[in-house]
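Reading through the structure tokens given below for one structure.
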Amino acid sequence: MDIIDKMYQHYEILNDAKDDIGKHRKEYEEILGAVKGSDKEKKLASQFIAKFAKSFPDLENETIDAMFDLCEDDDVLIRKQAIKDLVTVCKDNKGAVRKIAYALAQILQSEDNSEVTAVHNSIAALYQIDPAATIEALFSELAEDNEVMRERTLKMLALKLRSLETGVMKPEVKELLIKECKKILQDVTADEFVLVMAILGQCKIADTVSGQQQLVDLVAEQCNFSQVFNPADQEHLDRIIICIKHALPYFSTQVKSTAFVSFICDQVLPHRNEIGQSEQKLDIFKLLAELSSNCGPLDPAVDRIQIVYDTLLEYMPLPPPVTEETNGAGSTTETEIRLEFTFVESLIFVFHQLARQNREFLTENADRIKDFRSRLQYFARGVQGYIKKLRESLQDKGVDQLKDEESRIKFTALRTTSNINSIIRDLFRNPPIYKAVVTLSFKPTNASQAAKHAAAVASGNDIGSEAVGVGKRHAPITFDSSPSKVRANTDNRNRQPYVVPTGKFSANVSHGGDARPRGRGGYRGGRGFRRGGY
């Protein structure tokens, strides 16, 4: 008799046996043996095994091994059939979920996208059958030193957990997932850290204040605040940047960023000039700005304010001396200075936030406040000149035109300079005040909102303060008007304030690049299950 016909005969016998199916062990064993046969035999064996496996619990190991053989077949169609049928085997045998989930995760190494998709679907189905066993299996797989499998397993978890029904994530399952994530966080790359945080996000852990604090504490552990900061240690710097970025959404009036602010002020800012990449330095300043919004009492505050102030002064120059060189036409030569608006926005925002904890910082030192006011005045001129140029370039554009990339960049520049202007307005008061509320320009804004705001600004409205939105315009800081070129005057009493030359300040608002996390090494290995692992 033809083997295929014999398999169908075995199927009929087993299907008709009903309560007496256990008496037909021989027929089922012959079906198990068909996994060594032709391609057609293998496909039939996969389907028949899935249907009748529940009736032969004493042959569980033989059943699973036979299916695993099919999962390692050279034909991808046979492998995909077995991957799908393994779920059916588990529907009536929850005890097999853990070992099958563990084995399926190993197939994620496949370079065939359709096979990987089949694995994703099967593991999601196993999760529905027994979520705890599935999670335990996948995280035991993550403990293995296989980089490809670790990364792909984490990506699958982050992707699939998002699409699962809310009811499946029962409290005990959530606790298990959080527990396993904490364990894996003890040794992860920057890439893996991002994925683990995404998985934790699916646990809805951030829905409560205690959960948000828990996430912040996990990030703090990854930053390793106890480690002395070494600007030459690129991996540590990358880790700090990427970790803090993932902690930012969880800070609030109840979850304070004090430890993070203290670390940057104490450890990072003193070494700011040793950080080689300007983009990374800007990233640190931006992160500090966002952190400072939810910073609790600093102890001591004055030391942290001082280091921020010193850093800010490096980007807020004093007005350069005006020198007159007669070249026959009586023209004036002036020093060119580039004003770094993007750096200043972050740093002046941080100073404005932290100085509230010591309002006498500026006023208690007459020389300091005099010097600072001079810098504020000079910088304000550059800011106002740039704002004027940006508004002129945008004022004739409609809302649709303001959605293009060039206009988006200009609008971001307007937000940057308007923010600086609002804070300077506070700090220039006598005594300085700390009331302005601004939204940092590098925080996300949707395209529609950005276009509307840009249209408002182009028409002359101030967007620097959230309190006024795009409505009534604040009166700008005003000084005696002067031409763009100012001659030096030997009579200091009649000397006009210096006006920054047109085009001499930074006109490009940079967003800075995200530091690319350093991953682990590549994977070298072949197919084949580690069947003893489960």
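If you're wondering about the labels, chains in the structure tokens are A, B, ... by order shown, residues count from 1 in each chain, ligands from 1 in order shown.
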Per-residue DSSP, range 155-313 of chain A, filtered to helix (DSSP H, G or I), as a PyMOL selection string: chain A and resi 155-163+166-168+171-184+190-202+205-207+209-223+234-250+258-274+278-292+301-313
List the spatial neighbours of Val228 in chain A as a PyMOL selection string - criterion: any atom at most 12 Å away, only C-alpha atoms, same-chain residues fewer than 5 positions off excluded. chain A and resi 223+233+236-237+263-264+266-268+270-271
Please produce a file of those selected residues containing all heavy atoms, as a compact mmCIF listing (two decimals), in the first residue's frame.
```
# COMPACT_ATOMS: atom_id res chain seq x y z
N CYS A 223 21.86 54.21 34.31
CA CYS A 223 22.80 55.35 34.18
C CYS A 223 24.03 55.14 35.06
O CYS A 223 25.10 55.67 34.75
CB CYS A 223 22.10 56.65 34.57
SG CYS A 223 20.88 57.21 33.38
N ASP A 233 34.80 57.93 27.86
CA ASP A 233 34.08 56.66 27.82
C ASP A 233 32.80 56.85 27.00
O ASP A 233 31.75 57.20 27.52
CB ASP A 233 33.75 56.19 29.24
CG ASP A 233 33.13 54.80 29.27
OD1 ASP A 233 32.72 54.32 28.20
OD2 ASP A 233 33.03 54.23 30.37
N HIS A 236 29.59 54.90 28.03
CA HIS A 236 28.88 55.41 29.21
C HIS A 236 28.09 56.67 28.85
O HIS A 236 26.95 56.85 29.29
CB HIS A 236 29.88 55.71 30.33
CG HIS A 236 29.22 56.04 31.62
ND1 HIS A 236 29.80 56.86 32.57
CD2 HIS A 236 28.01 55.70 32.15
CE1 HIS A 236 28.99 56.98 33.61
NE2 HIS A 236 27.90 56.29 33.38
N LEU A 237 28.68 57.53 28.04
CA LEU A 237 28.00 58.76 27.64
C LEU A 237 26.76 58.43 26.81
O LEU A 237 25.68 59.01 27.01
CB LEU A 237 28.95 59.65 26.84
CG LEU A 237 28.39 60.99 26.35
CD1 LEU A 237 27.87 61.83 27.52
CD2 LEU A 237 29.44 61.76 25.56
N PHE A 263 23.28 64.67 39.04
CA PHE A 263 24.35 63.91 38.37
C PHE A 263 24.94 64.70 37.22
O PHE A 263 26.17 64.79 37.08
CB PHE A 263 23.80 62.58 37.87
CG PHE A 263 24.78 61.81 37.03
CD1 PHE A 263 25.84 61.13 37.61
CD2 PHE A 263 24.64 61.78 35.65
CE1 PHE A 263 26.75 60.44 36.84
CE2 PHE A 263 25.56 61.08 34.86
CZ PHE A 263 26.61 60.41 35.46
N ILE A 264 24.10 65.29 36.39
CA ILE A 264 24.62 66.04 35.24
C ILE A 264 25.41 67.27 35.71
O ILE A 264 26.49 67.57 35.18
CB ILE A 264 23.47 66.45 34.29
CG1 ILE A 264 22.85 65.21 33.66
CG2 ILE A 264 23.98 67.40 33.21
CD1 ILE A 264 21.67 65.50 32.75
N ASP A 266 26.90 67.72 38.66
CA ASP A 266 28.09 67.36 39.43
C ASP A 266 29.14 66.63 38.60
O ASP A 266 30.34 66.85 38.77
CB ASP A 266 27.71 66.47 40.62
CG ASP A 266 26.79 67.18 41.60
OD1 ASP A 266 26.69 68.42 41.53
OD2 ASP A 266 26.19 66.49 42.44
N GLN A 267 28.67 65.76 37.70
CA GLN A 267 29.60 64.87 37.01
C GLN A 267 29.86 65.26 35.56
O GLN A 267 31.00 65.16 35.08
CB GLN A 267 29.05 63.43 37.04
CG GLN A 267 28.99 62.83 38.43
CD GLN A 267 30.31 62.19 38.83
OE1 GLN A 267 31.23 62.10 38.04
NE2 GLN A 267 30.39 61.76 40.07
N VAL A 268 28.82 65.68 34.84
CA VAL A 268 28.96 65.88 33.39
C VAL A 268 29.38 67.30 33.03
O VAL A 268 30.34 67.50 32.27
CB VAL A 268 27.65 65.51 32.66
CG1 VAL A 268 27.81 65.66 31.15
CG2 VAL A 268 27.25 64.07 33.01
N PRO A 270 31.04 69.67 34.56
CA PRO A 270 32.45 70.04 34.78
C PRO A 270 33.38 69.53 33.68
O PRO A 270 34.47 70.07 33.50
CB PRO A 270 32.78 69.39 36.13
CG PRO A 270 31.46 69.31 36.83
CD PRO A 270 30.49 68.98 35.75
N HIS A 271 32.94 68.51 32.94
CA HIS A 271 33.77 67.94 31.86
C HIS A 271 33.18 68.25 30.49
O HIS A 271 33.51 67.58 29.51
CB HIS A 271 33.87 66.42 32.04
CG HIS A 271 34.51 65.99 33.31
ND1 HIS A 271 35.88 66.02 33.52
CD2 HIS A 271 33.97 65.53 34.47
CE1 HIS A 271 36.15 65.58 34.74
NE2 HIS A 271 35.00 65.28 35.34
```
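Distances to Ala101 in chain A were evaluated for A:Ala125, A:Ala82, A:Leu195, A:Leu177 using only C-alpha atoms, and the minimum falls at A:Ala125.
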A:Ala133, A:Ile241, A:Leu161, A:Ile305: which is nearest Cys203 in chain A, counting only C-alpha atoms?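 Nearest to Cys203 in chain A: A:Leu161.
One finds CA of Leu291 in chain A at 16.9 Å from CA of Asn419 in chain A.
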Name all residues at most 10 Å from range 207-222 of chain A (count only C-alpha atoms; drop same-chain ones fewer than 4 positions away) and give them as JSON, numbers by chain. {"A": [182, 185, 186, 187, 188, 190, 193, 197, 200, 201, 203, 226, 236, 239, 240, 242, 243, 244, 245, 246, 247, 248, 249, 250, 251, 252, 254, 255, 256, 257, 259, 260]}
Can you pull out the residues contacting Ala45 in chain A? Cut-off 10 Å, using only C-alpha atoms, and skip same-chain residues under 5 positions away; I want them as a VMD selection string. chain A and resid 4 7 11 28 30 to 37 39 to 40 50 to 51 66 to 67 70 82
One number please: CA of Lys155 in chain A to CA of Glu192 in chain A, in Å, one decimal.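 Between CA of Lys155 in chain A and CA of Glu192 in chain A the gap is 8.8 Å.
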Ranking A:Leu362, A:Glu172, A:Lys80, A:Glu235 by minimum distance to Leu104 in chain A and counting only C-alpha atoms, which one comes first? A:Lys80
Expressed in Å, the length from CA of Ile13 in chain A to CA of Gln47 in chain A is 15.4 Å
Counting only C-alpha atoms, which residue out of A:Val116, A:Ala355, A:Ile100, A:Ile423 sits closest to Val437 in chain A? A:Ile423
Quick one: of A:Thr153, A:Thr117, A:Gln353, A:Asn273, who's nearest to Pro297 in chain A, counting only C-alpha atoms?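 Between A:Thr153, A:Thr117, A:Gln353, A:Asn273, the residue approaching Pro297 in chain A most closely is A:Gln353.
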I'd like the neighbourhood of Leu318 in chain A as number ranges by chain, where a residue qualifies if any of its atoms comes within 8 Å (using only C-alpha atoms), though same-chain residues fewer than 4 positions away should be ignored. A: 371, 374-375, 378
Keeping only all heavy atoms, take the residues you just selected and write them out as a PDB file, in the first residue's frame.
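Here's the written file selection.pdb:
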```pdb
ATOM      1  N   ASP A 371      27.777  92.150  35.007  1.00  0.00           N
ATOM      2  CA  ASP A 371      28.329  91.410  33.877  1.00  0.00           C
ATOM      3  C   ASP A 371      27.218  90.656  33.135  1.00  0.00           C
ATOM      4  O   ASP A 371      27.141  90.669  31.902  1.00  0.00           O
ATOM      5  CB  ASP A 371      29.382  90.416  34.385  1.00  0.00           C
ATOM      6  CG  ASP A 371      29.910  89.509  33.300  1.00  0.00           C
ATOM      7  OD1 ASP A 371      30.879  89.889  32.626  1.00  0.00           O
ATOM      8  OD2 ASP A 371      29.344  88.388  33.114  1.00  0.00           O
ATOM      9  N   SER A 374      24.893  92.841  31.061  1.00  0.00           N
ATOM     10  CA  SER A 374      25.551  93.270  29.831  1.00  0.00           C
ATOM     11  C   SER A 374      25.460  92.180  28.760  1.00  0.00           C
ATOM     12  O   SER A 374      25.192  92.445  27.585  1.00  0.00           O
ATOM     13  CB  SER A 374      27.018  93.598  30.118  1.00  0.00           C
ATOM     14  OG  SER A 374      27.683  93.994  28.933  1.00  0.00           O
ATOM     15  N   ARG A 375      25.660  90.929  29.192  1.00  0.00           N
ATOM     16  CA  ARG A 375      25.558  89.808  28.259  1.00  0.00           C
ATOM     17  C   ARG A 375      24.118  89.629  27.780  1.00  0.00           C
ATOM     18  O   ARG A 375      23.864  89.358  26.594  1.00  0.00           O
ATOM     19  CB  ARG A 375      26.039  88.518  28.931  1.00  0.00           C
ATOM     20  CG  ARG A 375      27.516  88.511  29.294  1.00  0.00           C
ATOM     21  CD  ARG A 375      27.859  87.297  30.146  1.00  0.00           C
ATOM     22  NE  ARG A 375      29.201  87.356  30.686  1.00  0.00           N
ATOM     23  CZ  ARG A 375      30.281  86.832  30.112  1.00  0.00           C
ATOM     24  NH1 ARG A 375      30.154  86.219  28.945  1.00  0.00           N
ATOM     25  NH2 ARG A 375      31.462  86.909  30.678  1.00  0.00           N
ATOM     26  N   TYR A 378      23.259  92.305  25.182  1.00  0.00           N
ATOM     27  CA  TYR A 378      23.899  92.048  23.893  1.00  0.00           C
ATOM     28  C   TYR A 378      23.207  90.894  23.167  1.00  0.00           C
ATOM     29  O   TYR A 378      22.905  90.960  21.975  1.00  0.00           O
ATOM     30  CB  TYR A 378      25.380  91.734  24.114  1.00  0.00           C
ATOM     31  CG  TYR A 378      26.111  91.274  22.877  1.00  0.00           C
ATOM     32  CD1 TYR A 378      26.197  92.094  21.752  1.00  0.00           C
ATOM     33  CD2 TYR A 378      26.705  90.017  22.826  1.00  0.00           C
ATOM     34  CE1 TYR A 378      26.867  91.683  20.620  1.00  0.00           C
ATOM     35  CE2 TYR A 378      27.381  89.586  21.696  1.00  0.00           C
ATOM     36  CZ  TYR A 378      27.452  90.420  20.592  1.00  0.00           C
ATOM     37  OH  TYR A 378      28.108  90.020  19.472  1.00  0.00           O
TER      38      TYR A 378
END
```
Between A:Ser441, A:Tyr434, A:Phe379, A:Asp85, which has the minimum distance to Ile409 in chain A (counting only C-alpha atoms)?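 Of A:Ser441, A:Tyr434, A:Phe379, A:Asp85, the one nearest Ile409 in chain A, counting only C-alpha atoms, is A:Ser441.
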Excluding same-chain residues fewer than 5 positions from range 52-65 of chain A, what lies within 8 Å of it counting only C-alpha atoms, as JSON, numbers by chain? {"A": [14, 21, 22, 25, 28, 32, 89, 92, 93, 100]}
Please dump the current selection as a PDB file, in the first residue's frame; keep N, CA and C atoms.
```pdb
ATOM      1  N   LEU A  14      -8.089   6.530  13.553  1.00  0.00           N
ATOM      2  CA  LEU A  14      -7.984   7.358  14.764  1.00  0.00           C
ATOM      3  C   LEU A  14      -9.193   8.289  14.899  1.00  0.00           C
ATOM      4  N   ILE A  21      -9.641   5.541  21.183  1.00  0.00           N
ATOM      5  CA  ILE A  21      -8.482   5.934  20.379  1.00  0.00           C
ATOM      6  C   ILE A  21      -7.161   5.461  20.991  1.00  0.00           C
ATOM      7  N   GLY A  22      -7.126   5.342  22.321  1.00  0.00           N
ATOM      8  CA  GLY A  22      -5.896   4.909  22.981  1.00  0.00           C
ATOM      9  C   GLY A  22      -5.443   3.524  22.579  1.00  0.00           C
ATOM     10  N   ARG A  25      -2.453   3.035  19.396  1.00  0.00           N
ATOM     11  CA  ARG A  25      -1.140   3.659  19.597  1.00  0.00           C
ATOM     12  C   ARG A  25      -0.220   3.406  18.398  1.00  0.00           C
ATOM     13  N   TYR A  28      -0.757   5.793  15.533  1.00  0.00           N
ATOM     14  CA  TYR A  28      -0.248   7.145  15.830  1.00  0.00           C
ATOM     15  C   TYR A  28       1.275   7.169  15.748  1.00  0.00           C
ATOM     16  N   LEU A  32       3.870   9.488  13.535  1.00  0.00           N
ATOM     17  CA  LEU A  32       5.052  10.190  14.049  1.00  0.00           C
ATOM     18  C   LEU A  32       6.278   9.869  13.202  1.00  0.00           C
ATOM     19  N   VAL A  89      -1.134  21.641  19.171  1.00  0.00           N
ATOM     20  CA  VAL A  89      -0.671  20.639  20.133  1.00  0.00           C
ATOM     21  C   VAL A  89      -0.838  21.162  21.563  1.00  0.00           C
ATOM     22  N   ASP A  92      -4.630  21.628  23.970  1.00  0.00           N
ATOM     23  CA  ASP A  92      -5.143  20.634  24.907  1.00  0.00           C
ATOM     24  C   ASP A  92      -4.049  20.117  25.833  1.00  0.00           C
ATOM     25  N   ASN A  93      -2.911  20.776  25.800  1.00  0.00           N
ATOM     26  CA  ASN A  93      -1.796  20.358  26.652  1.00  0.00           C
ATOM     27  C   ASN A  93      -0.988  21.585  27.060  1.00  0.00           C
ATOM     28  N   ILE A 100       7.669  24.541  24.056  1.00  0.00           N
ATOM     29  CA  ILE A 100       7.437  24.891  22.654  1.00  0.00           C
ATOM     30  C   ILE A 100       7.731  26.371  22.398  1.00  0.00           C
TER      31      ILE A 100
END
```
